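Novice: My structure is below; once you've seen it, I'll send some questions.
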Amino acid sequence: MNSPATPAGSGSLDDAPAATSLLRFATAGSVDDGKSTLVGRLLHDSKSVLSDQLEAVEHASRSRGQDAPDLALLTDGLRAEREQGITIDVAYRYFATPRRRFILADTPGHVQYTRNMVTGASTAELAVVLVDARNGVVEQTRRHAAVAALLRVPHLVLAVNKMDLVGYDEGVFAAIAEEFTRYAASLGVPEITTIPISALAGDNVVTASAHMDWYGGPTVLEHLETLAVTDDPGEDPARFPVQYVIRPQTPEHPDYRGYAGQIASGLLRVGQRVTVLPSGESSTIEALDMLGESVDVAWAPQSVTVLLADDLDVSRGDMIVPSDASVTAGQDLTATVCHLHDTPLKPGARVLLKHTTRTVKAIVKEIPSRLTLDDLSQHPEPGRLVANDIGRVVLRTSEPLPVDAYADSRRTGSFLLIDPADGSTLTAGMAGDAFAEAVREAKGSTAAPDDDGWDF
């Protein structure tokens, strides 16, 4: 792809990946599989821990009667986490090596906190799922693999931890790797890498292990540093959710009308013919403003201001797309969801649906099925979804929404269901078939009648 024109000093599209080599990844696994210890070891051995942080961890470890620093304390920051020795909330860490920058989300392992993994992995390009070599693949392992597949995380790493406790046995690792790979592949995960490690001893985390000469693959850090994750934004359809309308109406800018926001996918060019959804009105991009300068082209995830050649009725929540785009706005939405709230989700529920920058009223018309993680079968007509359940829902919105299939766009194919009474997040949704190999779906049930101003 040819490099588009850009202002002086701003670089080109071809230069962007090299200048912003960033990997977002998440860690997951069952309780006591060693996630926080792995993260701590990764930070410590890659020299990404400040001296005062390490001193604080050493002091906390001595106060708990431990001879060596407990590296898990580098991520388990809550008092309840340190007292119980478990991760409760998502812990974000930012670190860098000479080869790449990283944003890491250390997610909880206990089943009641599975919903937190949705938060941590929703923007991840890679997920590291830990397994205790002594226990192998357990239900929570399968749940985390299903969530990663549901969220379309493109790269999955199985880290078989605590290999030191099974004598660094190659057979133990091979059996676990085969079982997990078979299960993850059935979910449609496109790429699976398996690595035997000991987070406590540091084997195959940053440096290669001297105890597992039978393993010839990369260490965890080597894999994270060398993984190719950059995509050409020109290959994706452009999506620009309008966040704010800028109209200064000053003597210097009496007629300025700009639409500000972050490009969700693809790229926009001056002179491009675009359509505003859901109204369907069309115009041409007259100018693109970014950081106080005019540019000829902008791409995801840059924040820009779009100026159109015609005065159209455009407001927050509208979406600007190329006029030849295939996306259409509709009110009926079928999706796979992960329920996050303690209050069950039932057919007939009145909710708010937040999609990109637009929030509208919606009704849960049906819950056709709930996913059973053991065999990936669909339990038909469950009647409700409780916290951590993954299921299918049919929604009706009060206004048309331009929703892409989640398989095509993680940004514009996702949404949240919100409690209209208190604003709490109920459910995370992925439009269309979330899994690459969809399992058989059951028929829906009859929805409750609509009333109270929610009849769409």
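Labeling convention for the structure tokens: chains A, B, ... as they appear, residues from 1 per chain, ligands from 1 in order of appearance.
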If we count only C-alpha atoms, what is near A:Arg396 at a cut-off of 7 Å, once residues fewer than 4 positions away on the same chain are taken out, given as a list of chain:residue names?

Specialist: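 Here the answer would be A:Gln331, A:Asp332, A:Leu333, A:Ala362, A:Ile363, A:Val364, A:Lys365.
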
Novice: Would you write out, as CSV, a table of all residues in stretch 170-280 of chain A that have an atom no more than 7 Å from an atom of stretch 293-308 of chain A, listing for each the closest atom pair and the distance in Å to one decimal, considering only C-alpha atoms and ordering rows by chain and rising residue number?

Specialist:
```
residue,atom,partner,partner_atom,distance
A:Pro233,CA,A:Trp299,CA,6.5
A:Arg257,CA,A:Leu307,CA,6.5
A:Gly258,CA,A:Leu307,CA,4.9
A:Tyr259,CA,A:Val306,CA,5.0
A:Ala260,CA,A:Thr305,CA,4.2
A:Gly261,CA,A:Ser303,CA,5.5
A:Gln262,CA,A:Ser303,CA,4.1
A:Ile263,CA,A:Ala300,CA,4.8
A:Ala264,CA,A:Ala300,CA,5.6
A:Ser265,CA,A:Ala300,CA,5.0
A:Gly266,CA,A:Ala300,CA,5.8
A:Leu267,CA,A:Trp299,CA,4.0
A:Leu268,CA,A:Ala298,CA,5.4
A:Arg269,CA,A:Val297,CA,4.4
A:Val270,CA,A:Asp296,CA,5.3
```

Novice: Give me the residues near A:Gly317 as a PyMOL selection string, where near means some atom within 10 Å (using only C-alpha atoms) and where sequence neighbours in that chain fewer than 5 positions away do not count.

Specialist: chain A and resi 240-244+277-278+354-360+401

Novice: As JSON, numbers by chain, please: every residue in stretch 143-274 of chain A that a backbone DSSP assignment puts in alpha helix (DSSP H).

Specialist: {"A": [143, 144, 145, 146, 147, 148, 149, 150, 170, 171, 172, 173, 174, 175, 176, 177, 178, 179, 180, 181, 182, 183, 184, 185, 186, 220, 221, 222, 223, 224, 225, 226]}

Novice: Would you please work out which residue, of A:Leu345, A:Ala201, A:Leu23, A:Val189, is nearest to A:Thr425 when using only C-alpha atoms?

Specialist: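 Closest candidate: A:Leu345.
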